[in-house]
Each structure stands twice: as C-alpha cells, then as structure tokens.
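As stored in run-v8.tsv (TSV, C-alpha atoms):
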```tsv
chain	number	residue	atom	x	y	z
A	1	MET	CA	-1.10	-7.16	31.66
A	2	ASP	CA	2.30	-8.67	32.22
A	3	TRP	CA	5.60	-7.39	30.94
A	4	GLN	CA	6.30	-10.47	28.87
A	5	THR	CA	3.28	-9.88	26.61
A	6	LEU	CA	4.20	-6.22	26.20
A	7	ILE	CA	7.80	-6.98	25.29
A	8	THR	CA	6.77	-9.79	22.94
A	9	VAL	CA	4.33	-7.52	21.11
A	10	ALA	CA	6.87	-4.70	20.97
A	11	MET	CA	9.72	-6.82	19.64
A	12	GLY	CA	7.34	-8.49	17.22
A	13	ALA	CA	6.25	-5.14	15.81
A	14	ILE	CA	9.79	-3.80	15.49
A	15	LEU	CA	11.70	-6.82	14.18
A	16	ILE	CA	9.81	-10.03	13.55
A	17	ASN	CA	6.65	-8.68	11.93
A	18	ASN	CA	8.18	-5.45	10.72
A	19	PHE	CA	5.47	-3.38	9.04
A	20	ILE	CA	7.46	-2.83	5.87
A	21	PHE	CA	9.45	-6.00	5.36
A	22	ALA	CA	7.10	-8.66	6.71
A	23	GLN	CA	3.62	-7.18	6.33
A	24	PHE	CA	3.98	-4.83	3.34
A	25	LEU	CA	2.16	-1.96	5.01
A	26	GLY	CA	3.21	1.60	4.21
A	27	ILE	CA	5.23	0.84	1.10
A	28	CYS	CA	4.23	4.07	-0.69
A	29	PRO	CA	5.83	6.53	1.77
A	30	PHE	CA	8.64	4.02	2.28
A	31	MET	CA	9.54	4.28	-1.41
A	32	GLY	CA	8.57	7.92	-1.81
A	33	VAL	CA	10.42	9.71	1.00
A	34	SER	CA	13.56	7.62	1.36
A	35	LYS	CA	15.92	9.57	-0.88
A	36	SER	CA	17.92	10.93	2.08
A	37	THR	CA	18.33	9.90	5.71
A	38	ASP	CA	17.10	13.33	6.93
A	39	THR	CA	13.71	13.13	5.27
A	40	ALA	CA	13.48	9.44	6.15
A	41	SER	CA	13.97	10.07	9.87
A	42	GLY	CA	11.48	12.97	9.75
A	43	MET	CA	8.87	10.75	8.14
A	44	GLY	CA	9.63	7.93	10.59
A	45	MET	CA	9.15	10.24	13.59
A	46	ALA	CA	5.85	11.53	12.21
A	47	VAL	CA	4.65	7.95	11.66
A	48	ILE	CA	5.52	6.90	15.24
A	49	PHE	CA	3.60	9.92	16.53
A	50	VAL	CA	0.49	9.37	14.41
A	51	MET	CA	0.40	5.59	14.81
A	52	GLY	CA	0.61	5.85	18.61
A	53	LEU	CA	-2.08	8.55	18.76
A	54	ALA	CA	-4.38	6.82	16.26
A	55	SER	CA	-4.21	3.59	18.29
A	56	ALA	CA	-4.98	5.52	21.47
A	57	VAL	CA	-7.95	7.36	19.92
A	58	CYS	CA	-9.48	4.48	17.96
A	59	TRP	CA	-9.53	2.01	20.86
A	60	PRO	CA	-12.10	3.93	22.97
A	61	ILE	CA	-14.15	4.72	19.85
A	62	ASN	CA	-14.36	1.05	18.95
A	63	HIS	CA	-14.87	-0.12	22.54
A	64	PHE	CA	-17.40	2.43	23.78
A	65	ILE	CA	-19.24	3.55	20.62
A	66	LEU	CA	-19.06	0.99	17.80
A	67	GLU	CA	-19.26	-2.30	19.71
A	68	PRO	CA	-22.15	-1.50	22.12
A	69	ASN	CA	-24.25	-0.13	19.24
A	70	GLY	CA	-23.54	-3.00	16.83
A	71	LEU	CA	-21.83	-0.70	14.33
A	72	VAL	CA	-18.68	-2.76	13.88
A	73	PHE	CA	-19.33	-2.98	10.12
A	74	MET	CA	-18.72	0.79	9.94
A	75	GLN	CA	-15.18	0.31	11.27
A	76	THR	CA	-13.25	1.10	8.11
A	77	ILE	CA	-15.13	4.35	7.41
A	78	VAL	CA	-14.98	5.52	11.01
A	79	TYR	CA	-11.28	4.72	11.41
A	80	ILE	CA	-10.18	6.44	8.22
A	81	LEU	CA	-12.18	9.56	9.12
A	82	VAL	CA	-10.68	9.55	12.62
A	83	ILE	CA	-7.17	9.23	11.19
A	84	ALA	CA	-7.71	11.95	8.59
A	85	SER	CA	-9.10	14.43	11.11
A	86	LEU	CA	-6.48	13.45	13.70
A	87	VAL	CA	-3.70	14.23	11.24
A	88	GLN	CA	-5.37	17.56	10.44
A	89	PHE	CA	-5.65	18.44	14.14
A	90	ILE	CA	-2.07	17.45	14.88
A	91	GLU	CA	-0.95	19.65	12.02
A	92	MET	CA	-2.90	22.68	13.27
A	93	PHE	CA	-1.86	22.09	16.88
A	94	LEU	CA	1.83	21.75	16.04
A	95	GLN	CA	1.69	24.86	13.85
A	96	LYS	CA	0.45	26.96	16.79
A	97	ALA	CA	2.10	25.29	19.76
A	98	MET	CA	5.39	23.83	18.57
A	99	PRO	CA	6.56	25.61	15.42
A	100	SER	CA	9.99	23.97	15.54
A	101	LEU	CA	8.53	20.45	15.57
A	102	TYR	CA	6.01	21.54	12.92
A	103	SER	CA	8.72	22.67	10.55
A	104	ALA	CA	10.48	19.35	11.06
A	105	LEU	CA	7.41	17.11	10.58
A	106	GLY	CA	5.07	19.45	8.72
A	107	VAL	CA	5.61	18.28	5.18
A	108	TYR	CA	5.16	14.62	6.05
A	109	LEU	CA	2.00	14.88	8.11
A	110	PRO	CA	-0.56	15.17	5.26
A	111	LEU	CA	1.05	12.20	3.53
A	112	ILE	CA	0.40	10.01	6.55
A	113	THR	CA	-3.38	10.00	6.05
A	114	THR	CA	-2.95	7.67	3.10
A	115	ASN	CA	-0.26	5.57	4.77
A	116	CYS	CA	-1.76	2.12	5.04
A	117	ALA	CA	0.44	1.31	8.05
A	118	VAL	CA	-1.67	3.67	10.18
A	119	LEU	CA	-5.03	2.24	9.14
A	120	GLY	CA	-3.44	-1.22	9.25
A	121	VAL	CA	-2.24	-0.91	12.83
A	122	VAL	CA	-5.65	0.26	14.02
A	123	LEU	CA	-7.48	-2.55	12.21
A	124	GLN	CA	-5.00	-5.11	13.58
A	125	ASN	CA	-5.53	-3.82	17.12
A	126	THR	CA	-9.24	-4.48	16.71
A	127	GLN	CA	-8.77	-7.85	15.02
A	128	ASN	CA	-6.42	-9.10	17.74
A	129	SER	CA	-8.69	-7.53	20.41
A	130	TYR	CA	-5.76	-5.82	22.10
A	131	GLY	CA	-6.49	-3.80	25.25
A	132	PHE	CA	-5.81	-0.08	25.47
A	133	VAL	CA	-2.20	-0.27	26.71
A	134	LEU	CA	-1.29	-3.06	24.32
A	135	SER	CA	-2.85	-1.12	21.40
A	136	VAL	CA	-0.79	1.96	22.12
A	137	VAL	CA	2.37	-0.11	22.58
A	138	TYR	CA	1.74	-1.91	19.30
A	139	GLY	CA	1.10	1.41	17.53
A	140	VAL	CA	4.23	3.10	18.83
A	141	THR	CA	6.53	0.12	18.31
A	142	GLY	CA	5.07	-0.46	14.86
A	143	GLY	CA	6.11	3.12	14.11
A	144	VAL	CA	9.58	2.41	15.52
A	145	GLY	CA	9.83	-0.56	13.17
A	146	PHE	CA	8.84	1.71	10.27
A	147	LEU	CA	11.50	4.26	11.29
A	148	LEU	CA	14.15	1.54	11.49
A	149	ALA	CA	13.22	0.19	8.08
A	150	ILE	CA	13.02	3.53	6.28
A	151	TYR	CA	16.24	4.82	7.87
A	152	LEU	CA	18.25	1.73	6.88
A	153	PHE	CA	16.75	1.86	3.39
A	154	ALA	CA	17.51	5.58	2.94
A	155	ALA	CA	21.10	5.04	4.08
A	156	VAL	CA	21.57	2.34	1.44
A	157	ARG	CA	19.87	4.47	-1.24
A	158	GLU	CA	22.19	7.42	-0.54
A	159	LYS	CA	25.14	5.19	-1.36
A	160	LEU	CA	23.31	3.78	-4.35
A	161	GLU	CA	23.34	7.23	-5.98
A	162	PHE	CA	26.99	6.68	-6.87
A	163	ALA	CA	26.60	3.17	-8.18
A	164	GLU	CA	26.40	2.30	-11.84
A	165	VAL	CA	23.09	0.62	-12.45
A	166	PRO	CA	21.90	-1.00	-15.69
A	167	LYS	CA	19.85	1.54	-17.63
A	168	SER	CA	16.47	-0.10	-17.29
A	169	PHE	CA	16.97	-0.76	-13.56
A	170	GLU	CA	17.64	2.92	-12.80
A	171	GLY	CA	15.47	4.60	-10.21
A	172	PHE	CA	12.62	2.56	-8.88
A	173	PRO	CA	13.55	-1.03	-9.80
A	174	VAL	CA	16.95	-0.91	-8.13
A	175	ALA	CA	15.30	0.56	-5.02
A	176	LEU	CA	12.92	-2.39	-5.01
A	177	VAL	CA	15.82	-4.83	-5.28
A	178	THR	CA	17.48	-3.09	-2.32
A	179	ALA	CA	14.27	-3.35	-0.35
A	180	GLY	CA	14.09	-7.04	-1.25
A	181	LEU	CA	17.58	-7.64	0.11
A	182	LEU	CA	16.72	-5.76	3.31
A	183	ALA	CA	13.59	-7.90	3.61
A	184	LEU	CA	15.84	-10.95	3.32
A	185	CYS	CA	17.91	-9.65	6.24
A	186	PHE	CA	14.80	-9.09	8.33
A	187	MET	CA	13.71	-12.67	7.60
A	188	GLY	CA	16.53	-13.65	9.94
A	189	PHE	CA	14.42	-12.38	12.82
A	190	SER	CA	11.49	-14.67	12.07
A	191	GLY	CA	11.42	-17.52	14.52
A	192	LEU	CA	13.09	-15.38	17.17
A	193	LYS	CA	11.72	-16.53	20.53
A	194	LEU	CA	12.03	-14.20	23.48
A	195	PHE	CA	10.61	-16.23	26.34
A	196	GLY	CA	10.96	-19.98	26.51
B	1	MET	CA	-13.47	10.95	-25.21
B	2	ASN	CA	-10.90	8.61	-26.63
B	3	VAL	CA	-11.58	5.07	-25.48
B	4	LYS	CA	-8.65	3.48	-27.28
B	5	LYS	CA	-6.17	5.97	-25.80
B	6	GLN	CA	-7.63	5.39	-22.34
B	7	PHE	CA	-7.27	1.65	-22.83
B	8	MET	CA	-3.59	1.90	-23.80
B	9	ASP	CA	-2.96	4.39	-20.98
B	10	GLY	CA	-4.54	2.13	-18.38
B	11	LEU	CA	-2.72	-0.98	-19.48
B	12	ILE	CA	0.68	0.33	-20.56
B	13	HIS	CA	1.56	4.03	-20.79
B	14	GLN	CA	-0.08	5.09	-17.52
B	15	ASN	CA	-0.28	1.69	-15.85
B	16	PRO	CA	-1.14	2.40	-12.20
B	17	VAL	CA	1.46	0.00	-10.81
B	18	THR	CA	4.42	-0.07	-13.17
B	19	VAL	CA	4.38	3.56	-14.38
B	20	GLN	CA	2.51	5.61	-11.78
B	21	LEU	CA	3.97	3.42	-8.99
B	22	LEU	CA	0.77	3.52	-6.93
B	23	GLY	CA	-0.79	0.89	-4.71
B	24	MET	CA	2.43	-1.00	-4.02
B	25	CYS	CA	1.38	-2.51	-0.69
B	26	SER	CA	-1.33	-4.79	-2.01
B	27	VAL	CA	0.65	-5.67	-5.15
B	28	LEU	CA	3.57	-6.94	-3.08
B	29	ALA	CA	1.59	-8.53	-0.29
B	30	ILE	CA	-1.13	-10.66	-1.83
B	31	THR	CA	0.43	-11.90	-5.07
B	32	THR	CA	1.26	-15.38	-3.82
B	33	THR	CA	-1.49	-17.35	-5.56
B	34	LEU	CA	-3.48	-16.73	-8.74
B	35	PHE	CA	-6.76	-16.87	-6.81
B	36	ASN	CA	-5.71	-14.00	-4.54
B	37	GLY	CA	-4.45	-11.94	-7.47
B	38	ILE	CA	-7.63	-12.22	-9.52
B	39	GLY	CA	-9.83	-11.63	-6.46
B	40	MET	CA	-7.91	-8.54	-5.35
B	41	GLY	CA	-7.68	-7.18	-8.90
B	42	LEU	CA	-11.40	-7.51	-9.52
B	43	SER	CA	-12.29	-6.01	-6.12
B	44	VAL	CA	-10.15	-2.96	-6.88
B	45	LEU	CA	-11.63	-2.75	-10.40
B	46	VAL	CA	-15.18	-2.71	-9.03
B	47	ILE	CA	-14.43	-0.20	-6.27
B	48	LEU	CA	-12.43	2.03	-8.61
B	49	THR	CA	-15.16	2.09	-11.26
B	50	LEU	CA	-17.97	2.76	-8.76
B	51	SER	CA	-16.10	5.48	-6.89
B	52	ASN	CA	-14.98	7.07	-10.18
B	53	ILE	CA	-18.60	7.27	-11.39
B	54	PHE	CA	-19.84	8.60	-8.08
B	55	ILE	CA	-17.12	11.20	-7.61
B	56	SER	CA	-17.34	12.54	-11.15
B	57	ALA	CA	-21.13	12.77	-10.82
B	58	LEU	CA	-20.70	14.78	-7.61
B	59	ARG	CA	-17.75	16.85	-8.78
B	60	LYS	CA	-19.77	20.08	-9.06
B	61	VAL	CA	-21.28	19.62	-5.59
B	62	ILE	CA	-18.10	18.78	-3.67
B	63	PRO	CA	-16.42	21.95	-2.35
B	64	ASN	CA	-12.81	22.27	-3.39
B	65	LYS	CA	-11.38	22.66	0.11
B	66	ILE	CA	-12.72	19.47	1.63
B	67	ARG	CA	-12.60	17.35	-1.51
B	68	ILE	CA	-10.06	14.82	-0.19
B	69	ALA	CA	-12.22	14.05	2.85
B	70	CYS	CA	-15.28	13.67	0.59
B	71	PHE	CA	-13.38	11.32	-1.74
B	72	ILE	CA	-12.29	9.19	1.21
B	73	VAL	CA	-15.85	8.86	2.51
B	74	VAL	CA	-17.12	7.76	-0.94
B	75	ILE	CA	-14.25	5.29	-1.35
B	76	ALA	CA	-14.60	3.91	2.19
B	77	THR	CA	-18.32	3.30	1.59
B	78	PHE	CA	-17.71	1.22	-1.52
B	79	VAL	CA	-14.83	-0.64	0.15
B	80	THR	CA	-17.12	-1.58	3.04
B	81	VAL	CA	-19.77	-2.80	0.59
B	82	VAL	CA	-17.26	-4.99	-1.27
B	83	ASP	CA	-15.70	-6.20	1.99
B	84	LEU	CA	-19.05	-7.35	3.38
B	85	ALA	CA	-20.08	-8.90	0.04
B	86	LEU	CA	-16.84	-10.91	-0.12
B	87	GLN	CA	-17.23	-12.08	3.47
B	88	ALA	CA	-20.74	-13.27	2.64
B	89	TYR	CA	-20.23	-14.90	-0.76
B	90	LEU	CA	-16.50	-15.72	-1.01
B	91	PRO	CA	-15.35	-16.31	2.59
B	92	ASP	CA	-12.18	-18.13	1.41
B	93	LEU	CA	-11.04	-15.13	-0.59
B	94	ALA	CA	-11.95	-12.71	2.20
B	95	GLU	CA	-9.87	-14.76	4.62
B	96	SER	CA	-6.77	-15.01	2.47
B	97	LEU	CA	-6.81	-11.31	1.51
B	98	GLY	CA	-7.59	-10.37	5.12
B	99	LEU	CA	-6.49	-6.89	6.07
B	100	PHE	CA	-5.85	-5.84	2.49
B	101	ILE	CA	-9.54	-5.53	1.57
B	102	PRO	CA	-10.29	-2.75	4.09
B	103	LEU	CA	-6.92	-1.24	3.21
B	104	ILE	CA	-8.12	-0.58	-0.36
B	105	VAL	CA	-9.45	2.65	1.21
B	106	VAL	CA	-5.92	4.00	1.42
B	107	ASN	CA	-4.82	2.46	-1.88
B	108	CYS	CA	-3.32	5.44	-3.67
B	109	ILE	CA	-4.66	4.30	-7.07
B	110	ILE	CA	-8.26	5.10	-6.19
B	111	LEU	CA	-7.59	8.43	-4.48
B	112	GLY	CA	-5.12	9.31	-7.22
B	113	ARG	CA	-7.67	8.71	-10.01
B	114	ALA	CA	-10.35	10.62	-8.06
B	115	GLU	CA	-8.07	13.62	-7.66
B	116	GLY	CA	-6.33	13.44	-11.02
B	117	PHE	CA	-9.10	12.35	-13.39
B	118	CYS	CA	-12.67	12.24	-12.07
B	119	TYR	CA	-12.64	15.68	-10.51
B	120	LYS	CA	-12.04	17.14	-13.98
B	121	ASN	CA	-13.90	14.76	-16.33
B	122	GLY	CA	-17.45	13.59	-17.02
B	123	VAL	CA	-19.20	10.49	-15.72
B	124	ALA	CA	-18.80	8.31	-18.83
B	125	ALA	CA	-15.11	9.08	-19.27
B	126	SER	CA	-14.50	8.43	-15.55
B	127	ALA	CA	-16.31	5.10	-15.69
B	128	VAL	CA	-14.20	3.99	-18.67
B	129	ASP	CA	-11.07	5.23	-16.90
B	130	GLY	CA	-11.99	3.23	-13.79
B	131	VAL	CA	-12.45	0.02	-15.78
B	132	PHE	CA	-9.19	0.36	-17.71
B	133	GLN	CA	-7.06	1.49	-14.77
B	134	GLY	CA	-8.51	-1.37	-12.74
B	135	LEU	CA	-7.74	-3.72	-15.61
B	136	GLY	CA	-4.13	-2.48	-15.76
B	137	TYR	CA	-3.79	-3.14	-12.03
B	138	THR	CA	-5.35	-6.61	-12.35
B	139	VAL	CA	-3.04	-7.59	-15.22
B	140	VAL	CA	0.06	-6.68	-13.21
B	141	LEU	CA	-1.28	-8.61	-10.22
B	142	ILE	CA	-1.93	-11.69	-12.37
B	143	VAL	CA	1.53	-11.56	-13.98
B	144	MET	CA	3.16	-11.27	-10.56
B	145	CYS	CA	1.05	-14.10	-9.15
B	146	VAL	CA	1.91	-16.43	-12.00
B	147	ILE	CA	5.67	-15.72	-11.72
B	148	ARG	CA	5.81	-15.96	-7.93
B	149	GLU	CA	3.63	-19.04	-7.73
B	150	PHE	CA	5.63	-20.84	-10.41
B	151	LEU	CA	9.03	-20.04	-8.89
B	152	GLY	CA	7.95	-20.22	-5.27
B	153	GLY	CA	5.81	-23.35	-5.32
B	154	GLY	CA	6.21	-24.86	-8.77
B	155	THR	CA	2.46	-24.72	-9.40
B	156	PHE	CA	0.05	-22.75	-11.57
B	157	GLY	CA	-3.43	-21.47	-10.72
B	158	THR	CA	-3.80	-22.40	-7.04
B	159	GLY	CA	-7.42	-21.89	-6.01
B	160	VAL	CA	-8.55	-21.34	-9.61
B	161	LEU	CA	-7.67	-24.70	-11.18
B	162	GLY	CA	-8.40	-26.95	-8.24
B	163	PRO	CA	-7.40	-26.31	-4.61
B	164	ASP	CA	-3.68	-27.01	-5.13
B	165	GLY	CA	-3.37	-25.86	-8.72
B	166	VAL	CA	-1.52	-27.66	-11.51
B	167	ARG	CA	1.93	-28.84	-10.53
B	168	ILE	CA	4.53	-27.96	-13.18
B	169	LEU	CA	7.79	-28.44	-11.31
B	170	PRO	CA	8.40	-31.13	-8.67
B	171	SER	CA	7.96	-29.62	-5.20
B	172	HIS	CA	11.66	-29.87	-4.27
B	173	PHE	CA	12.58	-27.51	-7.14
B	174	ALA	CA	10.56	-24.69	-5.61
B	175	ALA	CA	12.41	-21.60	-4.33
B	176	LEU	CA	10.48	-20.78	-1.19
B	177	GLY	CA	11.97	-17.27	-1.08
B	178	MET	CA	9.86	-16.21	-4.05
B	179	ALA	CA	6.68	-16.76	-2.04
B	180	LEU	CA	8.11	-14.72	0.85
B	181	PRO	CA	8.32	-10.88	0.97
B	182	VAL	CA	11.76	-10.95	-0.71
B	183	GLY	CA	10.28	-12.52	-3.82
B	184	GLY	CA	7.59	-9.83	-4.02
B	185	PHE	CA	10.14	-7.02	-4.09
B	186	LEU	CA	12.41	-8.76	-6.60
B	187	THR	CA	9.61	-9.79	-8.98
B	188	LEU	CA	8.13	-6.28	-9.06
B	189	ALA	CA	11.61	-4.80	-9.61
B	190	VAL	CA	12.16	-7.03	-12.62
B	191	ILE	CA	8.70	-6.33	-14.08
B	192	ILE	CA	9.16	-2.55	-13.78
B	193	ALA	CA	12.67	-2.80	-15.25
B	194	VAL	CA	11.32	-4.71	-18.25
B	195	MET	CA	8.54	-2.13	-18.70
B	196	GLN	CA	11.07	0.72	-18.51
B	197	TYR	CA	13.27	-1.04	-21.05
B	198	PHE	CA	10.45	-1.29	-23.60
B	199	LEU	CA	8.93	2.13	-22.89
B	200	ASN	CA	12.30	3.89	-23.24
B	201	LYS	CA	13.20	2.20	-26.50
B	202	PRO	CA	11.30	4.51	-28.92
B	203	LYS	CA	12.58	7.53	-26.99
B	204	LYS	CA	16.14	6.40	-27.55
B	205	ALA	CA	15.45	6.07	-31.26
B	206	GLU	CA	14.10	9.63	-31.29
B	207	LYS	CA	17.18	10.88	-29.48
B	208	LYS	CA	19.43	9.20	-32.02
B	209	GLU	CA	17.51	10.91	-34.80
B	210	GLU	CA	17.95	14.24	-33.05
B	211	VAL	CA	21.67	13.64	-32.73
B	212	ALA	CA	21.85	12.64	-36.39
B	213	LYS	CA	20.13	15.90	-37.36
```

For the structure just supplied, provide its representation as structure tokens.
Amino acid sequence: MDWQTLITVAMGAILINNFIFAQFLGICPFMGVSKSTDTASGMGMAVIFVMGLASAVCWPINHFILEPNGLVFMQTIVYILVIASLVQFIEMFLQKAMPSLYSALGVYLPLITTNCAVLGVVLQNTQNSYGFVLSVVYGVTGGVGFLLAIYLFAAVREKLEFAEVPKSFEGFPVALVTAGLLALCFMGFSGLKLFG
Amino acid sequence: MNVKKQFMDGLIHQNPVTVQLLGMCSVLAITTTLFNGIGMGLSVLVILTLSNIFISALRKVIPNKIRIACFIVVIATFVTVVDLALQAYLPDLAESLGLFIPLIVVNCIILGRAEGFCYKNGVAASAVDGVFQGLGYTVVLIVMCVIREFLGGGTFGTGVLGPDGVRILPSHFAALGMALPVGGFLTLAVIIAVMQYFLNKPKKAEKKEEVAK
C-alpha cells in the first residue's frame, strides 16, 4: 500500500468523484437536511462516521464470511442489515457514553440507514476489491466529500431564502437548480491528475 | 378500494418523484438513455409490487417495533432476485445500471410505500398501489430520459430503437452538459416546476373565489 494510491483514492472521493455531484448517491438527505448550515454539518459529520465504520465492518464480513462460503450473492441483504444494526448500535452507544455527541448527531443517525451513499460506498469497496485500509480511507473521504457538498449547498440555500423566485420554482425546483450549478462547478475537478 | 383514485394519485397527485420527492438518486443518475430509464422503471415497478403484496400480507405478523428492519429484509430479498435475474437475462442493462440495482434497497419509494400504505391496507389494494406508484416513477424516468437524451446527444431511443437510437439533431448540435450530472439536476428542476405550476392552478382559482366571497 503506497501513499500515492491512498491520496489518489482520497482526493477522488472528495473532489473528482464526489458522492453527490458526480455519482448521485445520497441525494435524499442532501436535499432534505440542507436548510441550514448547522443541520448540514451535523448530518455530514454523522455520515463520515457511519461511512467509515460501515466500510471497516463490512470488509471483514465480505472477506472472511461471504467469499469463502460462496455467499457473495447475499451481499446486498447482508450489507443493509449490517448498516441498519450498526446505526442502531452507534445510536445506543452514543446515548450512554457520549451524550453531548449524541445530542449533536442523534436526530440524523436513523436517517442514515436509508442513505444510499453508505450502502453505495460499501458495495463499491467490494466491486473495486479494495483492501481493508483503502476501504476505510474511501469510506471516510467519501463522507468528507458529502460534508463538503452538503455544507456548500446549505450555505447557498440560506441565502436563497431572501431571493425572489418564480412561483412555480419555489422550494424544491430552485434547490435542484442550485445543486445543478454546484455540480457544474465540481465538474471542473474531473480530469484532475495528481501524479504524473 | 378506489382504483381510479389510486391511478391518478400514483401518476399525478401523489407521484413518487415529482410530488413526494422520493427516490431522487436513481432518477438523476440513470436517466441518460431511454433503455436505462425503461429498465430501471420496470425493475422498481416489479420490486415495489412484490414487496407491497408481501408486506401487506404479513402486516399482522410483523411486530410494530421492528417493522422497519422486517421491511428492509423483504425488500432486499426481492432486489437480490431482480438483480440476479437481470444479470442472467439482460446483462447489458445490468451493466449500464450497475450499482443502482442493488441500491433500490434503500430507494425511499419502496420503504415509504411499505410504511405509509401497505402496513395499513389489504393485499389487493397494496398490489394496485405498487403497480400505479411504480408506473408513476417509470413515467417520470421516461420523460427525463427522452429530454436528456434529445438535448444531450440529439438522439431518441438509444438501446430501444437500435443500438444508437434514431438521430434527430446532427451530433454537433448536442449539448453534452445535459447528459452529465448538471443536466439531471436541471431537467428534474424544470419538470417539478411544471408539475407545481399545473397542480397549483386550481388552488389559485379557489383562493380567488374565496377572496371574491
């Protein structure tokens, strides 16, 4: 495992193949909890946490249980159950052990189960046959990319509250247009080459 | 049971994509060619109908506290079945939809209908609901595919009418951006805005009447 691969994967997950703007994963929470920068950063933090942990937990399950027993076709079911129970455990653990962090992340945790970015990152790790370290790095940096995207988007939406929007574009459509323009900005990163 | 009302709800008044705003990821991601759109729409329709029937049949057995987990297991089972069937019989489609077939598990439409409709209604009503909600989703996908394909590549029906579709505009007129993520966001924004415009119209008329009174 050399540093170049790690950095390439990390930068790819944050900027070039951003989960929201390039891969369309996790659009529901991206649209749903981006009304203010506070909730957006809370959601982003929770996603980084869960995506990193889910990558770390699903890799050994796939490598030591599913693959040796020829159960790879059960992947989707197993992964979604792992993610759902993981989120539940994190919630209970944080409630007991770190009440301050729980009150900050608490509301967003249950929503993450149905965030396709989490299931997506785990499935991609398997598809690309990433090793353990690379999986975790991809999970965490994918979450960082999500945080970046949702924070920028929420900041724009806060300003948008004061803008005069055509009647039929009010609410969701104008948010989609904003997201489209942000996606256009992120297109600038495609073709970015880090090494050679 | 009111089939006609369910039909109108699924397609227009409670359309899963344009009104309930569910299942955005797949709508934005895969609507680049007509073939993808129809394939994805029909897969969701089948999974939604099957899981609706199954969940409403089991609704008296599933304990209230762990119902979400039970729903997810049922949905994930049907998604796996459809995923494997597509890989076996339509490998082209499976390849171009890629990750988004297994991700139907976390598509909010299916979980949303399970929670909001099937857990309270009978098997027949749930089956009809599944078909019409799936149909509403498919129609939006097809509309988006047609718009994005026409503006982004100047063609119509790629994969359905021949491998490259029917060319309508010369290739140098195509706006590549419409086939890229940007185009997905903008097209959906315009479609939802048009829907809001027409859905709000009668309400405005009512308001005017109220003011006149």

Exercise for the section: Identify every residue of chain B that has at least one atom within 7 Å of any atom of chain A, counting only C-alpha atoms, and report the result as JSON, numbers by chain. Expected result: {"B": [24, 25, 28, 29, 73, 76, 77, 80, 102, 103, 106, 181, 182, 185, 186, 189, 190, 192, 193, 194, 196, 197]}

Practice task
Check the smallest atom-to-atom distance from each of B:Val139, B:Met144, B:Leu199, B:Met40 to B:Ile104 using all atoms listed in the file, then report the winner.
Solution key: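 Checking each candidate against B:Ile104, we get B:Met40 as the closest.
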
Test item: residues at most 6 Å from A:Tyr108, all atoms listed in the file, excluding those fewer than 3 positions along its chain, as a tab-separated table (two decimals) with C-alpha atoms, keeping the file's coordinate frame:
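Resulting contents of selection_37.tsv:
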```
chain	number	residue	atom	x	y	z
A	43	MET	CA	8.87	10.75	8.14
A	105	LEU	CA	7.41	17.11	10.58
A	111	LEU	CA	1.05	12.20	3.53
```

Could you list, as a compact mmCIF listing (two decimals) with C-alpha atoms, in the coordinates of the input, every residue within 12 Å of A:Ala56, counting all atoms listed in the file and ignoring same-chain residues fewer than 3 positions away?
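selection-v8.txt, freshly written:
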```txt
# COMPACT_ATOMS: atom_id res chain seq x y z
CA PHE A 49 3.60 9.92 16.53
CA VAL A 50 0.49 9.37 14.41
CA MET A 51 0.40 5.59 14.81
CA GLY A 52 0.61 5.85 18.61
CA LEU A 53 -2.08 8.55 18.76
CA TRP A 59 -9.53 2.01 20.86
CA PRO A 60 -12.10 3.93 22.97
CA ILE A 61 -14.15 4.72 19.85
CA ASN A 62 -14.36 1.05 18.95
CA HIS A 63 -14.87 -0.12 22.54
CA TYR A 79 -11.28 4.72 11.41
CA VAL A 82 -10.68 9.55 12.62
CA ILE A 83 -7.17 9.23 11.19
CA LEU A 86 -6.48 13.45 13.70
CA VAL A 118 -1.67 3.67 10.18
CA VAL A 121 -2.24 -0.91 12.83
CA VAL A 122 -5.65 0.26 14.02
CA ASN A 125 -5.53 -3.82 17.12
CA THR A 126 -9.24 -4.48 16.71
CA TYR A 130 -5.76 -5.82 22.10
CA GLY A 131 -6.49 -3.80 25.25
CA PHE A 132 -5.81 -0.08 25.47
CA VAL A 133 -2.20 -0.27 26.71
CA LEU A 134 -1.29 -3.06 24.32
CA SER A 135 -2.85 -1.12 21.40
CA VAL A 136 -0.79 1.96 22.12
CA VAL A 137 2.37 -0.11 22.58
CA TYR A 138 1.74 -1.91 19.30
CA GLY A 139 1.10 1.41 17.53
CA VAL A 140 4.23 3.10 18.83
```

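Note that the spacing between atom CA of B:Gln6 and atom CA of B:Gly134 amounts to 11.8 Å.
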
Exercise for the section: Report the distance between atom CA of B:Gly41 and atom CA of B:Gly154 in Å, rounded to one decimal place. Expected result: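 Atom CA of B:Gly154 lies 22.5 Å from atom CA of B:Gly41.
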
Practice task
Find the residues around B:Gly157 up to 7 Å (only C-alpha atoms counted), leave out those fewer than 5 positions away in its own chain, and share them as a list in words.
Solution key: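 What passes the distance filter is Thr33, Leu34, Phe35, Gly165 and Val166 of chain B.
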
Completion exercise
From atom CA of B:Val19 to atom CA of A:Val165 the spacing works out at 19.0 Å

Exercise for the section: Check the smallest atom-to-atom distance from each of B:Phe150, B:Val160, B:Ile191, B:Val128 to B:Lys4 using only C-alpha atoms, then report the winner. Expected result: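 Selected residue with least distance to B:Lys4: B:Val128.
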
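Distances here use only C-alpha atoms; by that measure, the residue among B:Leu188, B:Ala94, B:Val131, B:Leu180 closest to B:Asn36 is B:Ala94.
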
Got a sec: who's within 10 Å of B:Leu86, counting all atoms listed in the file, leaving out chain neighbours fewer than 4 positions off, as a CSV table (one decimal) with C-alpha atoms, in the frame of the given file?
```
chain,number,residue,atom,x,y,z
B,39,GLY,CA,-9.8,-11.6,-6.5
B,43,SER,CA,-12.3,-6.0,-6.1
B,80,THR,CA,-17.1,-1.6,3.0
B,81,VAL,CA,-19.8,-2.8,0.6
B,82,VAL,CA,-17.3,-5.0,-1.3
B,90,LEU,CA,-16.5,-15.7,-1.0
B,91,PRO,CA,-15.4,-16.3,2.6
B,92,ASP,CA,-12.2,-18.1,1.4
B,93,LEU,CA,-11.0,-15.1,-0.6
B,94,ALA,CA,-12.0,-12.7,2.2
B,95,GLU,CA,-9.9,-14.8,4.6
B,101,ILE,CA,-9.5,-5.5,1.6
```

Taking 4 positions as the minimum chain separation for residues in the same chain, which residues sit within 9 Å of B:Asn121 when counting all atoms listed in the file? Answer as an mmCIF file with C-alpha atoms, in the frame of the given file.
```
data_model
loop_
_atom_site.group_PDB
_atom_site.id
_atom_site.type_symbol
_atom_site.label_atom_id
_atom_site.label_comp_id
_atom_site.auth_asym_id
_atom_site.auth_seq_id
_atom_site.Cartn_x
_atom_site.Cartn_y
_atom_site.Cartn_z
ATOM 1 C CA SER B 56 -17.340 12.540 -11.150
ATOM 2 C CA ARG B 59 -17.750 16.850 -8.780
ATOM 3 C CA PHE B 117 -9.100 12.350 -13.390
ATOM 4 C CA ALA B 125 -15.110 9.080 -19.270
ATOM 5 C CA SER B 126 -14.500 8.430 -15.550
#
```

Problem - Distance criterion (only C-alpha atoms): nearest to B:Ile72 out of B:Thr187, B:Asn107, B:Thr31, B:Ser96 - result: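 Once distances to B:Ile72 are computed over only C-alpha atoms, the minimum belongs to B:Asn107.
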
Exercise for the section: Name the closest residue to A:Ser103 among the candidates A:Gly42, A:Pro68, A:Pro29, A:Gly188; distances are taken between atoms, counting all atoms listed in the file. Expected result: A:Gly42
